[in-house]
Structures are given as C-alpha cells and as structure tokens.
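Some notes on the structure that comes next.
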Amino acid sequence: MALKNSTVKVTQLKYGNTKCYLLGGTSKSLLIDTDWAGKLPAFYHALGQKKLTAQGIDYLIITHYHPDHMGIAADLMRIGIRLIVMDCQQKYIHQSDHIFYKENNPAFQPINDHKIRVVKISQSRRFLASCGIPGVIINTPGHTNDSVSLVLDSGEAFVGDLYPQDQVPLYNNPVITASWQKLKDNGASLVHFAHYANEIVK
Ligand SMILES: [Zn+2]
C-alpha cells in the first residue's frame with residue numbers, strides 16, 4: 001500500500017526491549033514511548049548513533065503507562081523534554097511505580113505531576129498541528145485502559161502494545177475489535193508496534 005507523502009520524519013529508536021519512535025514535525029519533535037528505568041545511558045547512545053541529541057526532542061508521549069514504556073519518562077522530563085499526557089491517561093501515570101520500587105531500581109524516578117502537560121484527546125489534532133505533525137491521537141484500549149495510538153495523516157500508526165490483527169479474533173474482546181476499527185476509521189494503513197513487526201492494515 002502506497003503511503004501519502006508525509007512531512008513527518010519517522011525514526012525508530014530501540015535501546016532495550018521497546019521500539020520507540022521519534023516523529024520530526026516541521027516545528028517540533030515528539031518521542032513516542034521510552035524503555036525500562038535505568039536505560040537513560042542506552043537512550044543517549046541510541047540517539048548518538050542516529051546523530052540526534054536529546055535537546056532536539058520537544059515532547060514525549062507514552063502509549064500506555066507500563067514499566068517498559070514509561071521507565072525513563074521522569075529522566076527525560078528533567079533534561080527538558082515535556083511529557084504530554086492525554087486526559088484519558090492521567091490517572092494511570094503512576095500505575096507502574098510500584099514495580100520499580102519492588103525491584104529496588106536505583107535509577108527510577110517517579111513522574112513529577114506538576115511538570116506534565118495534559119492534552120484532551122479531543123484536542124489531539126490541534127496539539128499535533130502545533131508540532132507540524134499532521135495526525136491524531138486516539139484512545140485504543142484493549143491491552144490496557146490507558147492505551148492510546150497516534151495516527152499520522154500519511155497512514156502510519158503507532159499503537160504501542162495493541163494486539164496484532166491475527167490475534168484479535170483469539171481474544172474475542174469487543175474492546176480490542178473496536179480499537180482496531182477506530183484505527184481504520186482514522187486512516188491507519190501501516191502499523192508500528194512497540195514489540196511486534198510492522199503490519200499493513202488489512
Ligand atoms: Zn504493555
């Protein structure tokens with residue numbers, strides 16, 4: 001399937017077990033997801049390999065607040081990257097903190113609630129437009145209640161841990177089926193997962 005020409009530069013960054021994506025808009029850049037707490041040095045290394053710098057990243061959005069997606073969010077906030085929390089995710093941002101405390105992870109820092117920027121999901125297109133990124137962020141629950149996906153107008157979609165299409169019938173869960181329908185309704189044609197290989201939308 002041919003993708004429409006996009007002004008957004010998509011860079012995959014993997015420095016642990018999670019595929020993270022950096023979207024370069026015409027005015028701001030937005031990072032999707034992080035990795036486990038303690039991965040900050042690996043993050044810098046991955047950026048360096050792509051000749052990128054953390055200073056060049058404006059915003060961070062997290063597809064859902066599982067530990068392998070939000071682990072270094074607070075570190076990135078401290079170096080000046082603004083965490084964008086969708087309103088439907090706000091009550092979940094600390095749901096994984098206990099996992100890091102349980103493993104006595106010395107690198108873990110909790111997210112500072114006073115430094116986040118909450119964006120209403122209904123205003124996501126406007127927010128992305130302010131970055132020069134044509135697209136929308138939608139609520140796609142199924143893996144977790146706080147899961148969101150970012151769909152570019154080019155058709156490229158970033159869905160975090162949403163289950164791949166072949167697995168959807170196995171779950172027989174109307175919530176997952178509805179999330180996939182929502183992705184299609186928003187024009188998703190090529191899906192980027194955090195752990196699975198890319199998929200063309202059937
Ligand atoms: Zn997950």
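Labels for the structure tokens follow display order: chains A, B, ..., residues from 1 in each chain, ligands from 1.
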Within 10 Å of segment 180-197 of chain A using only C-alpha atoms, minus same-chain residues under 5 positions, as a ChimeraX atom specification:
/A:1-3,12,14,17-21,32-34,63,68-69,135-142,149-165,168,174-175,202
List every residue of segment 24-125 of chain A that DSSP, applied to the backbone, labels as alpha helix (DSSP H), and write the result as a VMD selection string.
chain A and resid 40 to 49 67 to 70 73 to 78 97 to 102 124 to 125
Can I get the selection written as a PDB file, in the first residue's frame, with N, CA and C atoms?
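Done, and the output landed in part.pdb:
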ATOM      1  N   LEU A  40      18.573   5.267  30.600  1.00  0.00           N
ATOM      2  CA  LEU A  40      18.935   6.597  30.089  1.00  0.00           C
ATOM      3  C   LEU A  40      20.265   6.593  29.320  1.00  0.00           C
ATOM      4  N   PRO A  41      21.336   5.953  29.855  1.00  0.00           N
ATOM      5  CA  PRO A  41      22.588   5.922  29.071  1.00  0.00           C
ATOM      6  C   PRO A  41      22.398   5.250  27.707  1.00  0.00           C
ATOM      7  N   ALA A  42      21.610   4.179  27.670  1.00  0.00           N
ATOM      8  CA  ALA A  42      21.355   3.481  26.399  1.00  0.00           C
ATOM      9  C   ALA A  42      20.561   4.376  25.441  1.00  0.00           C
ATOM     10  N   PHE A  43      19.680   5.185  26.004  1.00  0.00           N
ATOM     11  CA  PHE A  43      18.906   6.138  25.197  1.00  0.00           C
ATOM     12  C   PHE A  43      19.853   7.141  24.526  1.00  0.00           C
ATOM     13  N   TYR A  44      20.772   7.691  25.327  1.00  0.00           N
ATOM     14  CA  TYR A  44      21.744   8.657  24.767  1.00  0.00           C
ATOM     15  C   TYR A  44      22.586   7.997  23.680  1.00  0.00           C
ATOM     16  N   HIS A  45      22.976   6.758  23.932  1.00  0.00           N
ATOM     17  CA  HIS A  45      23.797   6.034  22.968  1.00  0.00           C
ATOM     18  C   HIS A  45      23.037   5.847  21.653  1.00  0.00           C
ATOM     19  N   ALA A  46      21.751   5.436  21.770  1.00  0.00           N
ATOM     20  CA  ALA A  46      20.925   5.212  20.567  1.00  0.00           C
ATOM     21  C   ALA A  46      20.739   6.516  19.787  1.00  0.00           C
ATOM     22  N   LEU A  47      20.559   7.615  20.521  1.00  0.00           N
ATOM     23  CA  LEU A  47      20.422   8.919  19.855  1.00  0.00           C
ATOM     24  C   LEU A  47      21.706   9.268  19.106  1.00  0.00           C
ATOM     25  N   GLY A  48      22.831   9.066  19.799  1.00  0.00           N
ATOM     26  CA  GLY A  48      24.137   9.383  19.211  1.00  0.00           C
ATOM     27  C   GLY A  48      24.388   8.612  17.932  1.00  0.00           C
ATOM     28  N   GLN A  49      23.973   7.345  17.933  1.00  0.00           N
ATOM     29  CA  GLN A  49      24.165   6.520  16.735  1.00  0.00           C
ATOM     30  C   GLN A  49      23.388   7.049  15.547  1.00  0.00           C
ATOM     31  N   PRO A  67       5.736  -0.388  32.689  1.00  0.00           N
ATOM     32  CA  PRO A  67       7.110  -0.014  33.047  1.00  0.00           C
ATOM     33  C   PRO A  67       8.094   0.007  31.873  1.00  0.00           C
ATOM     34  N   ASP A  68       7.860  -0.832  30.875  1.00  0.00           N
ATOM     35  CA  ASP A  68       8.786  -0.870  29.734  1.00  0.00           C
ATOM     36  C   ASP A  68       8.481   0.218  28.703  1.00  0.00           C
ATOM     37  N   HIS A  69       7.539   1.087  29.028  1.00  0.00           N
ATOM     38  CA  HIS A  69       7.216   2.207  28.131  1.00  0.00           C
ATOM     39  C   HIS A  69       7.461   3.560  28.801  1.00  0.00           C
ATOM     40  N   MET A  70       7.320   3.578  30.158  1.00  0.00           N
ATOM     41  CA  MET A  70       7.445   4.868  30.854  1.00  0.00           C
ATOM     42  C   MET A  70       8.658   4.955  31.783  1.00  0.00           C
ATOM     43  N   ALA A  73      10.698   8.159  31.709  1.00  0.00           N
ATOM     44  CA  ALA A  73       9.940   9.388  31.420  1.00  0.00           C
ATOM     45  C   ALA A  73      10.400  10.549  32.307  1.00  0.00           C
ATOM     46  N   ALA A  74      10.569  10.275  33.608  1.00  0.00           N
ATOM     47  CA  ALA A  74      10.957  11.358  34.528  1.00  0.00           C
ATOM     48  C   ALA A  74      12.363  11.870  34.216  1.00  0.00           C
ATOM     49  N   ASP A  75      13.265  10.965  33.809  1.00  0.00           N
ATOM     50  CA  ASP A  75      14.626  11.390  33.425  1.00  0.00           C
ATOM     51  C   ASP A  75      14.552  12.340  32.226  1.00  0.00           C
ATOM     52  N   LEU A  76      13.725  11.980  31.268  1.00  0.00           N
ATOM     53  CA  LEU A  76      13.623  12.810  30.060  1.00  0.00           C
ATOM     54  C   LEU A  76      12.995  14.164  30.384  1.00  0.00           C
ATOM     55  N   MET A  77      12.068  14.169  31.336  1.00  0.00           N
ATOM     56  CA  MET A  77      11.466  15.447  31.750  1.00  0.00           C
ATOM     57  C   MET A  77      12.527  16.351  32.378  1.00  0.00           C
ATOM     58  N   ARG A  78      13.415  15.718  33.149  1.00  0.00           N
ATOM     59  CA  ARG A  78      14.453  16.523  33.824  1.00  0.00           C
ATOM     60  C   ARG A  78      15.461  17.122  32.861  1.00  0.00           C
ATOM     61  N   ASP A  97       4.830   2.525  39.075  1.00  0.00           N
ATOM     62  CA  ASP A  97       5.885   2.931  40.021  1.00  0.00           C
ATOM     63  C   ASP A  97       6.244   1.798  40.995  1.00  0.00           C
ATOM     64  N   HIS A  98       5.213   1.099  41.472  1.00  0.00           N
ATOM     65  CA  HIS A  98       5.441   0.054  42.487  1.00  0.00           C
ATOM     66  C   HIS A  98       6.355  -1.058  41.966  1.00  0.00           C
ATOM     67  N   ILE A  99       6.351  -1.276  40.652  1.00  0.00           N
ATOM     68  CA  ILE A  99       7.196  -2.336  40.071  1.00  0.00           C
ATOM     69  C   ILE A  99       8.675  -1.972  40.231  1.00  0.00           C
ATOM     70  N   PHE A 100       8.977  -0.708  39.991  1.00  0.00           N
ATOM     71  CA  PHE A 100      10.374  -0.262  40.130  1.00  0.00           C
ATOM     72  C   PHE A 100      10.802  -0.214  41.594  1.00  0.00           C
ATOM     73  N   TYR A 101       9.866   0.136  42.479  1.00  0.00           N
ATOM     74  CA  TYR A 101      10.208   0.150  43.905  1.00  0.00           C
ATOM     75  C   TYR A 101      10.449  -1.281  44.393  1.00  0.00           C
ATOM     76  N   LYS A 102       9.638  -2.207  43.879  1.00  0.00           N
ATOM     77  CA  LYS A 102       9.757  -3.609  44.277  1.00  0.00           C
ATOM     78  C   LYS A 102      11.098  -4.193  43.837  1.00  0.00           C
ATOM     79  N   SER A 124      -6.321  16.522  20.277  1.00  0.00           N
ATOM     80  CA  SER A 124      -5.017  15.976  19.884  1.00  0.00           C
ATOM     81  C   SER A 124      -4.582  16.463  18.501  1.00  0.00           C
ATOM     82  N   ARG A 125      -5.530  16.597  17.583  1.00  0.00           N
ATOM     83  CA  ARG A 125      -5.143  17.057  16.245  1.00  0.00           C
ATOM     84  C   ARG A 125      -4.558  18.470  16.308  1.00  0.00           C
TER      85      ARG A 125
END
Give the residue list for ligand 1 at 7 Å, counting only C-alpha atoms and all ligand atoms, as a ChimeraX atom specification, sorted by chain and then by residue number.
/A:64,66,143,161
Run DSSP on the backbone and give me the residues of chain A it puts in strand (DSSP E or B), as an MDAnalysis selection string.
chainID A and resid 9:14 19:24 29:32 59:61 82:86 117:119 135:139 148:152 156:160 190:193 199:200
